[in-house]
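Q: input_36.cif is the file, holding mmCIF, C-alpha atoms:
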data_query
loop_
_atom_site.label_atom_id
_atom_site.label_comp_id
_atom_site.auth_asym_id
_atom_site.auth_seq_id
_atom_site.Cartn_x
_atom_site.Cartn_y
_atom_site.Cartn_z
CA MET A 1 -21.28 49.97 67.51
CA GLY A 2 -25.06 49.54 67.37
CA ASP A 3 -25.41 53.00 65.82
CA ILE A 4 -22.89 52.15 63.04
CA ALA A 5 -24.65 48.83 62.31
CA GLU A 6 -27.97 50.66 62.02
CA ARG A 7 -26.46 53.24 59.67
CA ILE A 8 -24.92 50.51 57.52
CA ALA A 9 -28.28 48.71 57.37
CA ALA A 10 -30.04 51.96 56.42
CA ALA A 11 -27.43 52.68 53.72
CA ARG A 12 -27.85 49.13 52.34
CA LYS A 13 -31.61 49.61 52.25
CA GLU A 14 -31.22 52.93 50.44
CA THR A 15 -28.81 51.47 47.81
CA ASP A 16 -31.22 48.57 47.19
CA ALA A 17 -34.07 51.06 46.70
CA LEU A 18 -31.92 53.13 44.31
CA LYS A 19 -30.95 49.97 42.40
CA GLU A 20 -34.64 49.12 42.01
CA ARG A 21 -35.38 52.62 40.73
CA ILE A 22 -32.53 52.39 38.19
CA LYS A 23 -33.81 48.97 37.09
CA ALA A 24 -37.37 50.30 36.69
CA LYS A 25 -36.11 53.26 34.64
CA ARG A 26 -33.98 50.99 32.47
CA ASP A 27 -36.87 48.55 31.91
CA ALA A 28 -39.14 51.43 30.93
CA LEU A 29 -36.65 52.39 28.18
CA ALA A 30 -36.43 48.82 26.87
CA ASP A 31 -39.13 49.18 24.24
CA THR A 32 -38.08 46.12 22.22
CA THR A 33 -35.63 43.21 22.14
CA LEU A 34 -32.81 42.46 19.71
CA LYS A 35 -34.44 39.10 18.93
CA SER A 36 -37.74 40.69 17.89
CA VAL A 37 -36.01 43.37 15.81
CA ALA A 38 -33.92 40.67 14.07
CA SER A 39 -36.91 38.36 13.47
CA ASP A 40 -37.47 39.77 9.94
CA LEU A 41 -33.89 39.05 8.89
CA GLU A 42 -33.09 36.07 6.68
CA PRO A 43 -31.77 33.23 8.84
CA LEU A 44 -28.09 32.42 8.36
CA PRO A 45 -27.24 29.24 6.46
CA ARG A 46 -25.60 26.45 8.46
CA ILE A 47 -22.01 27.45 9.14
CA VAL A 48 -19.68 24.74 7.86
CA MET A 49 -16.02 25.28 8.71
CA LYS A 50 -13.25 22.75 8.25
CA VAL A 51 -9.95 22.24 10.06
CA ARG A 52 -7.37 23.61 7.61
CA LYS A 53 -4.27 23.33 9.79
CA ILE A 54 -3.32 21.45 12.95
CA LEU A 55 -0.57 22.95 15.09
CA LYS A 56 1.14 20.09 16.91
CA GLY A 57 4.00 20.48 19.33
CA HIS A 58 2.67 21.10 22.82
CA LEU A 59 2.97 18.15 25.18
CA ALA A 60 0.27 19.13 27.69
CA LYS A 61 -2.97 21.09 28.03
CA ILE A 62 -3.08 24.34 26.08
CA TYR A 63 -4.52 27.12 28.21
CA ALA A 64 -4.32 30.21 26.00
CA MET A 65 -3.72 31.48 22.46
CA HIS A 66 -3.64 34.90 20.80
CA TRP A 67 -3.35 35.95 17.15
CA SER A 68 -0.80 38.46 15.94
CA LEU A 69 -2.15 41.46 14.02
CA ASP A 70 -0.15 40.28 10.96
CA LYS A 71 -2.92 37.64 10.46
CA ARG A 72 -0.30 34.91 10.11
CA HIS A 73 1.40 34.27 13.44
CA LEU A 74 -0.09 33.23 16.76
CA VAL A 75 1.20 32.49 20.22
CA SER A 76 0.05 29.68 22.50
CA ALA A 77 0.80 28.79 26.11
CA SER A 78 0.65 25.30 27.55
CA GLN A 79 1.27 23.74 30.94
CA ASP A 80 4.12 21.77 29.36
CA GLY A 81 6.02 24.96 30.27
CA LYS A 82 6.35 26.27 26.70
CA LEU A 83 5.26 29.43 24.95
CA ILE A 84 5.19 28.69 21.22
CA VAL A 85 4.98 31.24 18.41
CA TRP A 86 3.54 29.59 15.29
CA ASP A 87 3.39 30.39 11.60
CA SER A 88 -0.21 29.39 10.90
CA TYR A 89 0.37 29.14 7.13
CA THR A 90 3.18 26.59 7.31
CA THR A 91 2.48 25.24 10.87
CA ASN A 92 6.17 25.86 11.65
CA LYS A 93 7.28 26.96 15.10
CA ILE A 94 9.05 30.34 15.02
CA HIS A 95 9.89 30.34 18.74
CA ALA A 96 9.56 27.72 21.46
CA ILE A 97 10.21 29.61 24.66
CA PRO A 98 10.81 27.63 27.88
CA LEU A 99 8.96 29.28 30.77
CA ARG A 100 10.23 29.65 34.33
CA SER A 101 6.82 28.59 35.62
CA SER A 102 4.88 25.96 33.70
CA TRP A 103 1.62 26.95 35.42
CA VAL A 104 0.74 29.41 32.68
CA MET A 105 -2.85 30.65 32.18
CA THR A 106 -2.63 33.41 29.58
CA CYS A 107 -0.57 34.71 26.70
CA ALA A 108 -0.67 37.74 24.40
CA TYR A 109 0.92 39.02 21.20
CA ALA A 110 1.95 42.69 20.96
CA PRO A 111 0.33 44.69 18.09
CA SER A 112 3.78 45.26 16.54
CA GLY A 113 4.62 41.56 16.61
CA SER A 114 7.87 42.32 18.47
CA PHE A 115 6.80 41.05 21.89
CA ALA A 116 4.80 38.28 23.51
CA ALA A 117 3.71 38.00 27.13
CA CYS A 118 2.43 35.31 29.45
CA GLY A 119 1.65 34.64 33.10
CA GLY A 120 -0.23 32.35 35.47
CA LEU A 121 0.13 30.94 38.95
CA ASP A 122 3.50 32.72 39.34
CA ASN A 123 1.50 36.02 39.70
CA ILE A 124 3.94 37.61 37.22
CA CYS A 125 3.44 38.90 33.70
CA THR A 126 6.60 38.03 31.74
CA VAL A 127 7.23 39.96 28.52
CA TYR A 128 9.48 38.35 25.88
CA ASN A 129 11.34 40.12 23.10
CA LEU A 130 10.74 38.11 19.92
CA GLY A 131 13.37 40.12 18.00
CA SER A 132 16.19 38.01 19.41
CA ASN A 133 16.64 34.30 18.76
CA PRO A 134 16.22 32.65 21.19
CA ALA A 135 13.58 35.08 22.53
CA LYS A 136 14.76 36.83 25.69
CA ILE A 137 12.85 38.09 28.73
CA ALA A 138 12.35 41.85 28.27
CA ARG A 139 10.50 42.49 31.57
CA GLU A 140 8.93 40.71 34.50
CA LEU A 141 5.94 42.68 35.82
CA SER A 142 5.30 41.82 39.43
CA ALA A 143 2.67 43.46 41.67
CA HIS A 144 -0.37 41.18 41.59
CA MET A 145 -1.11 39.24 44.78
CA GLY A 146 -2.96 36.48 42.92
CA TYR A 147 -2.61 34.43 39.74
CA LEU A 148 -2.46 36.20 36.37
CA SER A 149 -5.62 35.27 34.43
CA CYS A 150 -5.30 37.44 31.32
CA CYS A 151 -2.97 39.97 29.69
CA ARG A 152 -3.33 42.17 26.60
CA PHE A 153 -0.89 44.64 25.04
CA ILE A 154 -2.09 48.17 24.31
CA SER A 155 1.23 48.92 22.60
CA ASP A 156 4.87 47.84 22.91
CA ARG A 157 5.07 50.12 25.94
CA GLN A 158 1.82 49.33 27.75
CA ILE A 159 0.08 46.14 28.81
CA LEU A 160 -3.07 45.38 30.80
CA THR A 161 -3.29 42.42 33.19
CA SER A 162 -6.13 40.82 35.17
CA SER A 163 -5.69 38.67 38.22
CA GLY A 164 -7.19 36.39 40.84
CA ASP A 165 -6.48 39.18 43.36
CA MET A 166 -9.72 40.82 42.05
CA SER A 167 -7.85 43.64 40.29
CA CYS A 168 -6.63 44.66 36.85
CA MET A 169 -3.46 46.68 36.28
CA LEU A 170 -1.98 48.89 33.58
CA TRP A 171 1.81 48.65 33.23
CA ASP A 172 4.62 50.64 31.68
CA ILE A 173 6.71 47.84 30.18
CA GLU A 174 9.90 49.92 29.77
CA THR A 175 10.09 50.86 33.44
CA GLY A 176 8.44 47.64 34.64
CA MET A 177 6.17 49.70 36.87
CA LYS A 178 2.42 49.57 37.48
CA THR A 179 0.78 52.78 36.17
CA LEU A 180 -2.83 52.23 37.24
CA GLU A 181 -4.82 49.77 39.28
CA PHE A 182 -8.47 48.94 38.54
CA THR A 183 -10.30 47.65 41.62
CA ASP A 184 -14.06 47.20 41.82
CA HIS A 185 -14.65 43.46 41.35
CA THR A 186 -15.52 41.30 44.36
CA GLY A 187 -14.24 38.06 42.81
CA ASP A 188 -11.28 36.77 40.79
CA VAL A 189 -11.01 38.64 37.46
CA MET A 190 -10.84 35.95 34.78
CA SER A 191 -10.63 37.81 31.48
CA LEU A 192 -10.24 41.21 29.86
CA SER A 193 -10.74 42.63 26.37
CA LEU A 194 -9.55 45.95 24.93
CA SER A 195 -11.95 48.18 23.02
CA PRO A 196 -11.01 48.86 19.38
CA ASP A 197 -10.05 52.47 20.23
CA LYS A 198 -7.90 51.21 23.15
CA ASN A 199 -9.40 53.78 25.55
CA MET A 200 -11.60 51.27 27.39
CA PHE A 201 -11.50 47.66 28.39
CA VAL A 202 -14.04 45.19 29.73
CA SER A 203 -13.33 42.64 32.47
CA GLY A 204 -15.26 39.52 33.50
CA ALA A 205 -14.99 38.03 36.96
CA CYS A 206 -16.09 35.34 39.40
CA ASP A 207 -18.50 37.85 41.02
CA ALA A 208 -20.64 37.15 37.88
CA THR A 209 -20.34 40.76 36.71
CA ALA A 210 -18.65 42.35 33.71
CA LYS A 211 -17.26 45.83 34.16
CA VAL A 212 -16.27 48.44 31.60
CA TRP A 213 -13.29 50.61 32.56
CA ASP A 214 -11.95 53.88 31.20
CA ILE A 215 -8.15 53.51 30.93
CA ARG A 216 -7.70 57.30 30.87
CA THR A 217 -9.28 57.80 34.30
CA GLY A 218 -8.81 54.36 35.86
CA ARG A 219 -12.50 54.28 36.78
CA CYS A 220 -15.21 51.69 36.29
CA VAL A 221 -17.83 53.35 34.08
CA GLN A 222 -20.39 50.54 33.73
CA THR A 223 -21.27 47.28 35.47
CA PHE A 224 -23.31 44.55 33.81
CA THR A 225 -25.08 41.83 35.78
CA GLY A 226 -27.18 38.88 34.65
CA HIS A 227 -24.90 35.87 34.67
CA GLU A 228 -25.59 33.31 37.38
CA SER A 229 -22.01 32.06 37.74
CA ASP A 230 -18.36 32.99 37.07
CA ILE A 231 -17.65 34.87 33.85
CA ASN A 232 -14.68 33.12 32.23
CA ALA A 233 -14.36 35.14 29.04
CA VAL A 234 -15.15 38.58 27.65
CA GLN A 235 -14.66 39.94 24.15
CA PHE A 236 -15.43 43.36 22.69
CA PHE A 237 -17.77 43.49 19.70
CA PRO A 238 -15.89 44.72 16.56
CA SER A 239 -17.72 48.10 16.65
CA GLY A 240 -16.72 48.70 20.28
CA ASP A 241 -20.34 49.41 21.29
CA ALA A 242 -21.00 46.00 22.87
CA PHE A 243 -19.24 42.94 24.23
CA GLY A 244 -19.81 39.22 24.55
CA THR A 245 -19.32 37.06 27.64
CA GLY A 246 -18.99 33.35 28.38
CA SER A 247 -19.83 31.90 31.77
CA ASP A 248 -19.92 28.75 33.89
CA ASP A 249 -23.74 29.13 33.87
CA ALA A 250 -23.63 27.58 30.32
CA SER A 251 -24.67 30.84 28.65
CA SER A 252 -22.97 33.40 26.47
CA ARG A 253 -24.47 36.88 26.50
CA LEU A 254 -24.29 40.10 24.55
CA PHE A 255 -24.24 43.36 26.50
CA ASP A 256 -24.58 46.80 24.92
CA LEU A 257 -22.75 49.83 26.32
CA ARG A 258 -25.19 52.39 24.91
CA ALA A 259 -28.35 50.56 25.98
CA ASP A 260 -26.62 49.74 29.30
CA ARG A 261 -28.23 46.29 29.32
CA GLU A 262 -28.11 42.69 28.15
CA LEU A 263 -29.25 42.34 24.53
CA ASN A 264 -29.12 38.60 23.93
CA GLN A 265 -28.51 35.23 25.54
CA TYR A 266 -26.96 32.31 23.70
CA THR A 267 -28.13 29.10 25.35
CA HIS A 268 -29.46 25.69 24.34
CA ASP A 269 -31.32 23.06 26.36
CA ASN A 270 -28.64 20.52 25.42
CA ILE A 271 -25.76 22.71 26.59
CA LEU A 272 -25.16 22.29 30.30
CA CYS A 273 -21.40 22.87 30.56
CA GLY A 274 -19.42 26.04 31.09
CA ILE A 275 -17.94 28.33 28.44
CA THR A 276 -14.20 28.96 28.47
CA SER A 277 -13.75 31.44 25.65
CA VAL A 278 -15.62 33.69 23.19
CA ALA A 279 -14.79 35.53 19.95
CA PHE A 280 -16.70 37.43 17.26
CA SER A 281 -16.41 37.17 13.50
CA ILE A 282 -15.07 40.33 11.86
CA SER A 283 -18.63 41.55 11.06
CA GLY A 284 -19.89 40.62 14.53
CA ARG A 285 -22.73 38.53 13.08
CA LEU A 286 -21.23 35.29 14.42
CA LEU A 287 -20.20 34.52 17.99
CA PHE A 288 -17.83 31.60 18.52
CA ALA A 289 -17.83 30.04 21.99
CA GLY A 290 -15.57 27.29 23.35
CA TYR A 291 -17.09 24.78 25.78
CA ASP A 292 -16.05 22.24 28.40
CA ASP A 293 -17.81 19.52 26.33
CA PHE A 294 -14.96 19.64 23.72
CA ASN A 295 -17.05 21.64 21.17
CA CYS A 296 -17.04 25.14 19.77
CA ASN A 297 -20.55 26.43 19.04
CA VAL A 298 -21.27 29.10 16.46
CA TRP A 299 -24.13 31.49 17.25
CA ASP A 300 -26.03 34.03 15.19
CA THR A 301 -25.43 37.16 17.30
CA LEU A 302 -28.70 38.83 16.24
CA LYS A 303 -31.15 35.92 16.28
CA ALA A 304 -29.48 34.05 19.18
CA GLU A 305 -29.73 30.78 17.21
CA ARG A 306 -27.02 28.16 17.02
CA VAL A 307 -25.85 28.01 13.40
CA GLY A 308 -22.93 25.60 13.66
CA VAL A 309 -20.94 23.22 15.83
CA LEU A 310 -17.19 22.79 15.39
CA ALA A 311 -16.26 19.38 16.80
CA ALA A 312 -12.69 18.16 16.35
CA HIS A 313 -11.06 18.27 19.78
CA GLU A 314 -10.75 15.36 22.18
CA ASN A 315 -10.82 17.49 25.32
CA ARG A 316 -12.05 20.85 26.62
CA VAL A 317 -11.72 23.82 24.23
CA SER A 318 -9.80 26.20 26.47
CA CYS A 319 -9.20 29.16 24.15
CA LEU A 320 -10.10 30.51 20.74
CA GLY A 321 -9.49 33.54 18.56
CA VAL A 322 -10.38 35.00 15.18
CA SER A 323 -7.55 36.40 13.03
CA SER A 324 -7.63 40.17 12.49
CA ASP A 325 -8.69 39.81 8.83
CA GLY A 326 -11.55 37.51 9.91
CA MET A 327 -10.40 34.71 7.61
CA ALA A 328 -9.56 32.06 10.22
CA LEU A 329 -10.55 30.83 13.65
CA THR A 330 -8.10 29.02 15.91
CA THR A 331 -9.21 26.79 18.77
CA GLY A 332 -6.86 25.53 21.47
CA SER A 333 -7.65 22.59 23.69
CA TRP A 334 -6.61 20.49 26.65
CA ASP A 335 -5.91 17.76 24.04
CA SER A 336 -2.62 19.72 23.41
CA MET A 337 -3.63 20.67 19.85
CA LEU A 338 -4.38 23.96 18.13
CA LYS A 339 -6.69 23.79 15.11
CA VAL A 340 -7.09 26.48 12.48
CA TRP A 341 -10.57 26.58 10.93
CA ALA A 342 -11.86 28.34 7.83
#
Mind converting the file's structure to structure tokens?
A:
Amino acid sequence: MGDIAERIAAARKETDALKERIKAKRDALADTTLKSVASDLEPLPRIVMKVRKILKGHLAKIYAMHWSLDKRHLVSASQDGKLIVWDSYTTNKIHAIPLRSSWVMTCAYAPSGSFAACGGLDNICTVYNLGSNPAKIARELSAHMGYLSCCRFISDRQILTSSGDMSCMLWDIETGMKTLEFTDHTGDVMSLSLSPDKNMFVSGACDATAKVWDIRTGRCVQTFTGHESDINAVQFFPSGDAFGTGSDDASSRLFDLRADRELNQYTHDNILCGITSVAFSISGRLLFAGYDDFNCNVWDTLKAERVGVLAAHENRVSCLGVSSDGMALTTGSWDSMLKVWA
């Protein structure tokens, strides 16, 4: 036993030394910072957005929302046990789907608009067919050993899920079977985001790391550290070359895949609470972040300056999303309201 312990200790020492060497090499390549490069740019004017629509109908805390690619509809999930599909133009409800488990934590809209999915403390990802009225359960995807924290459709046939069991999974919806399992995190996986080309995804977890995965191989290709607490939200940058994160350490960060490092931090001395959700504007110049202090802050991605505060909710902002044409932002809150900003 003593021999094994010694070998483990030696291996640990060697990995730490290798990590230091990688860090030194990476630091040597970091010839400048995004902030200094962006210092010559004109500062953005103050971002003033107004609430254009209020989506009322949920009777309890809203935990998740997701826009449809048609730029008009969105789905929201609340712990009142309802999954609601909204028309954001008219504020009408298209579907109000009663859930088997009210402890829902995530929801997603399929790219085609034909399906929606949700899941939570039931450990199951339930896919609904929105073609029928009332919407019917198309599949129940069950293999996770912990709560379902996030799900995102790749297509009508494939969906990715992340879970409190420290893994992510790729599913074939038609067969209801798990195709791939992604395991490398050492804490609950809280969020995932698909790359624009749908070949990669990024996950954020309670081990304070964000990992980039190749869906084609099932392997983790990059790991990003820096956060000092749980990562609650991740979102790919529109170009697919970077991603944003939001954490309980009260910071949002921008990580670049090509530079293999953190590019920017979005923090303010007055902000002490955690971040629940993040989203980019269609150009990527703005980063929207939802906070536990009921606000949504707007950041200049390049200069790392706060350029706006969206304050209209009476409780924690739990989720947010930008429509695919970039014309509207929706925030969802524990105050049971969804608000559409523009």
Q: Find the residue from A:Thr33, A:Thr225, A:Asn232, A:Ser155 that sits nearest to Val189 in chain A; use only C-alpha atoms when measuring.
A: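 Nearest to Val189 in chain A: A:Asn232.
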Q: Between CA of Val212 in chain A and CA of Leu257 in chain A, measure the distance and give it in Å to one decimal.
A: 8.5 Å
Q: Pick out the closest residue to Asp197 in chain A from this set: A:Ser167, A:Ser239, A:Gln79, A:Asn295. Count only C-alpha atoms.
A: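 Closest candidate: A:Ser239.
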Q: I'd like the interatomic distance between CA of Gly326 in chain A and CA of Tyr63 in chain A, to a tenth of an Å.
A: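 According to the coordinates, CA of Gly326 in chain A and CA of Tyr63 in chain A are separated by 22.2 Å.
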Q: Given all atoms listed in the file, how would the per-residue table for range 147-227 of chain A near range 123-141 of chain A read, listing every residue at most 7 Å away with its closest atom pair and distance in Å to one decimal, sorted by chain and number, as a Markdown table?
A:
| residue | atom | partner | partner_atom | distance |
| --- | --- | --- | --- | --- |
| A:Tyr147 | CA | A:Asn123 | CA | 4.4 |
| A:Leu148 | CA | A:Asn123 | CA | 5.2 |
| A:Ile173 | CA | A:Arg139 | CA | 6.7 |
| A:Gly176 | CA | A:Leu141 | CA | 5.7 |
Q: With 6 Å added on each side, what axis-aligned box encloses every listed atom of range 193-206 of chain A? Give the centre and edge lengths in Å to one decimal, as JSON.
A:
{"center_x": -12.0, "center_y": 44.6, "center_z": 29.4, "size_x": 20.2, "size_y": 30.4, "size_z": 32.0}
Q: Residues picked by the PyMOL selection byres ((chain A and resi 98-109) around 8) here, as JSON, numbers by chain?
A: {"A": [63, 64, 65, 66, 67, 68, 74, 75, 76, 77, 78, 79, 80, 81, 82, 83, 96, 97, 110, 111, 113, 115, 116, 117, 118, 119, 120, 121, 122, 148, 149, 150, 151, 152, 153]}
Q: Once the PyMOL selection byres ((chain A and resi 263) around 8) is applied to the coordinates I shared, what remains selected? I want it as a PyMOL selection string.
A: chain A and resi 33-34+253-256+261-262+264-265
Q: Please write all heavy atoms of range 59-70 of chain A, from the structure given just now, as a PDB file, in the first residue's frame.
A:
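The result, written out as result_15.pdb:
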ATOM      1  N   LEU A  59     -47.549  30.956 -11.922  1.00  0.00           N
ATOM      2  CA  LEU A  59     -48.023  31.218 -10.560  1.00  0.00           C
ATOM      3  C   LEU A  59     -46.925  31.028  -9.517  1.00  0.00           C
ATOM      4  O   LEU A  59     -47.172  31.159  -8.325  1.00  0.00           O
ATOM      5  CB  LEU A  59     -49.200  30.283 -10.226  1.00  0.00           C
ATOM      6  CG  LEU A  59     -50.362  30.336 -11.231  1.00  0.00           C
ATOM      7  CD1 LEU A  59     -51.359  29.246 -10.950  1.00  0.00           C
ATOM      8  CD2 LEU A  59     -51.034  31.712 -11.199  1.00  0.00           C
ATOM      9  N   ALA A  60     -45.714  30.713  -9.974  1.00  0.00           N
ATOM     10  CA  ALA A  60     -44.600  30.499  -9.041  1.00  0.00           C
ATOM     11  C   ALA A  60     -43.301  30.888  -9.741  1.00  0.00           C
ATOM     12  O   ALA A  60     -43.303  31.364 -10.870  1.00  0.00           O
ATOM     13  CB  ALA A  60     -44.564  29.039  -8.589  1.00  0.00           C
ATOM     14  N   LYS A  61     -42.192  30.678  -9.054  1.00  0.00           N
ATOM     15  CA  LYS A  61     -40.875  31.066  -9.571  1.00  0.00           C
ATOM     16  C   LYS A  61     -40.623  30.474 -10.958  1.00  0.00           C
ATOM     17  O   LYS A  61     -40.818  29.275 -11.169  1.00  0.00           O
ATOM     18  CB  LYS A  61     -39.774  30.550  -8.639  1.00  0.00           C
ATOM     19  CG  LYS A  61     -39.764  31.200  -7.267  1.00  0.00           C
ATOM     20  CD  LYS A  61     -38.739  30.502  -6.359  1.00  0.00           C
ATOM     21  CE  LYS A  61     -38.683  31.182  -4.997  1.00  0.00           C
ATOM     22  NZ  LYS A  61     -37.805  30.441  -4.069  1.00  0.00           N
ATOM     23  N   ILE A  62     -40.169  31.336 -11.865  1.00  0.00           N
ATOM     24  CA  ILE A  62     -39.732  30.855 -13.178  1.00  0.00           C
ATOM     25  C   ILE A  62     -38.255  30.482 -13.058  1.00  0.00           C
ATOM     26  O   ILE A  62     -37.462  31.241 -12.515  1.00  0.00           O
ATOM     27  CB  ILE A  62     -39.940  31.939 -14.257  1.00  0.00           C
ATOM     28  CG1 ILE A  62     -41.430  32.174 -14.473  1.00  0.00           C
ATOM     29  CG2 ILE A  62     -39.259  31.541 -15.565  1.00  0.00           C
ATOM     30  CD1 ILE A  62     -41.755  33.385 -15.321  1.00  0.00           C
ATOM     31  N   TYR A  63     -37.921  29.315 -13.555  1.00  0.00           N
ATOM     32  CA  TYR A  63     -36.544  28.832 -13.451  1.00  0.00           C
ATOM     33  C   TYR A  63     -35.789  28.848 -14.770  1.00  0.00           C
ATOM     34  O   TYR A  63     -34.566  28.886 -14.786  1.00  0.00           O
ATOM     35  CB  TYR A  63     -36.524  27.410 -12.870  1.00  0.00           C
ATOM     36  CG  TYR A  63     -36.404  27.425 -11.365  1.00  0.00           C
ATOM     37  CD1 TYR A  63     -37.493  27.744 -10.569  1.00  0.00           C
ATOM     38  CD2 TYR A  63     -35.189  27.178 -10.738  1.00  0.00           C
ATOM     39  CE1 TYR A  63     -37.375  27.804  -9.186  1.00  0.00           C
ATOM     40  CE2 TYR A  63     -35.063  27.235  -9.367  1.00  0.00           C
ATOM     41  CZ  TYR A  63     -36.161  27.548  -8.599  1.00  0.00           C
ATOM     42  OH  TYR A  63     -36.025  27.611  -7.233  1.00  0.00           O
ATOM     43  N   ALA A  64     -36.518  28.803 -15.889  1.00  0.00           N
ATOM     44  CA  ALA A  64     -35.807  28.710 -17.173  1.00  0.00           C
ATOM     45  C   ALA A  64     -36.674  29.245 -18.305  1.00  0.00           C
ATOM     46  O   ALA A  64     -37.908  29.202 -18.220  1.00  0.00           O
ATOM     47  CB  ALA A  64     -35.425  27.262 -17.461  1.00  0.00           C
ATOM     48  N   MET A  65     -35.999  29.766 -19.351  1.00  0.00           N
ATOM     49  CA  MET A  65     -36.692  30.160 -20.579  1.00  0.00           C
ATOM     50  C   MET A  65     -35.753  29.922 -21.765  1.00  0.00           C
ATOM     51  O   MET A  65     -34.543  29.876 -21.607  1.00  0.00           O
ATOM     52  CB  MET A  65     -37.163  31.619 -20.531  1.00  0.00           C
ATOM     53  CG  MET A  65     -36.109  32.717 -20.492  1.00  0.00           C
ATOM     54  SD  MET A  65     -35.226  33.103 -22.012  1.00  0.00           S
ATOM     55  CE  MET A  65     -36.566  33.345 -23.151  1.00  0.00           C
ATOM     56  N   HIS A  66     -36.351  29.759 -22.951  1.00  0.00           N
ATOM     57  CA  HIS A  66     -35.533  29.569 -24.152  1.00  0.00           C
ATOM     58  C   HIS A  66     -36.326  30.056 -25.359  1.00  0.00           C
ATOM     59  O   HIS A  66     -37.504  29.719 -25.512  1.00  0.00           O
ATOM     60  CB  HIS A  66     -35.175  28.079 -24.315  1.00  0.00           C
ATOM     61  CG  HIS A  66     -34.107  27.824 -25.332  1.00  0.00           C
ATOM     62  ND1 HIS A  66     -34.108  26.721 -26.148  1.00  0.00           N
ATOM     63  CD2 HIS A  66     -32.993  28.527 -25.670  1.00  0.00           C
ATOM     64  CE1 HIS A  66     -33.045  26.759 -26.947  1.00  0.00           C
ATOM     65  NE2 HIS A  66     -32.360  27.849 -26.668  1.00  0.00           N
ATOM     66  N   TRP A  67     -35.682  30.867 -26.201  1.00  0.00           N
ATOM     67  CA  TRP A  67     -36.311  31.379 -27.415  1.00  0.00           C
ATOM     68  C   TRP A  67     -36.380  30.303 -28.490  1.00  0.00           C
ATOM     69  O   TRP A  67     -35.482  29.471 -28.611  1.00  0.00           O
ATOM     70  CB  TRP A  67     -35.498  32.539 -27.986  1.00  0.00           C
ATOM     71  CG  TRP A  67     -35.726  33.875 -27.369  1.00  0.00           C
ATOM     72  CD1 TRP A  67     -34.983  34.454 -26.383  1.00  0.00           C
ATOM     73  CD2 TRP A  67     -36.759  34.823 -27.696  1.00  0.00           C
ATOM     74  NE1 TRP A  67     -35.491  35.704 -26.084  1.00  0.00           N
ATOM     75  CE2 TRP A  67     -36.571  35.954 -26.866  1.00  0.00           C
ATOM     76  CE3 TRP A  67     -37.820  34.824 -28.609  1.00  0.00           C
ATOM     77  CZ2 TRP A  67     -37.412  37.064 -26.935  1.00  0.00           C
ATOM     78  CZ3 TRP A  67     -38.641  35.926 -28.673  1.00  0.00           C
ATOM     79  CH2 TRP A  67     -38.449  37.040 -27.843  1.00  0.00           C
ATOM     80  N   SER A  68     -37.420  30.379 -29.310  1.00  0.00           N
ATOM     81  CA  SER A  68     -37.492  29.577 -30.521  1.00  0.00           C
ATOM     82  C   SER A  68     -36.676  30.283 -31.602  1.00  0.00           C
ATOM     83  O   SER A  68     -36.512  31.498 -31.557  1.00  0.00           O
ATOM     84  CB  SER A  68     -38.946  29.449 -30.976  1.00  0.00           C
ATOM     85  OG  SER A  68     -39.005  28.943 -32.292  1.00  0.00           O
ATOM     86  N   LEU A  69     -36.205  29.536 -32.588  1.00  0.00           N
ATOM     87  CA  LEU A  69     -35.447  30.143 -33.685  1.00  0.00           C
ATOM     88  C   LEU A  69     -36.329  31.011 -34.583  1.00  0.00           C
ATOM     89  O   LEU A  69     -35.827  31.766 -35.406  1.00  0.00           O
ATOM     90  CB  LEU A  69     -34.749  29.073 -34.527  1.00  0.00           C
ATOM     91  CG  LEU A  69     -33.448  28.480 -33.959  1.00  0.00           C
ATOM     92  CD1 LEU A  69     -32.837  27.508 -34.938  1.00  0.00           C
ATOM     93  CD2 LEU A  69     -32.441  29.567 -33.607  1.00  0.00           C
ATOM     94  N   ASP A  70     -37.665  30.898 -34.452  1.00  0.00           N
ATOM     95  CA  ASP A  70     -38.558  31.716 -35.292  1.00  0.00           C
ATOM     96  C   ASP A  70     -38.638  33.169 -34.802  1.00  0.00           C
ATOM     97  O   ASP A  70     -39.377  33.980 -35.371  1.00  0.00           O
ATOM     98  CB  ASP A  70     -39.952  31.089 -35.390  1.00  0.00           C
ATOM     99  CG  ASP A  70     -40.723  31.135 -34.055  1.00  0.00           C
ATOM    100  OD1 ASP A  70     -40.239  31.770 -33.095  1.00  0.00           O
ATOM    101  OD2 ASP A  70     -41.811  30.527 -33.995  1.00  0.00           O
TER     102      ASP A  70
END
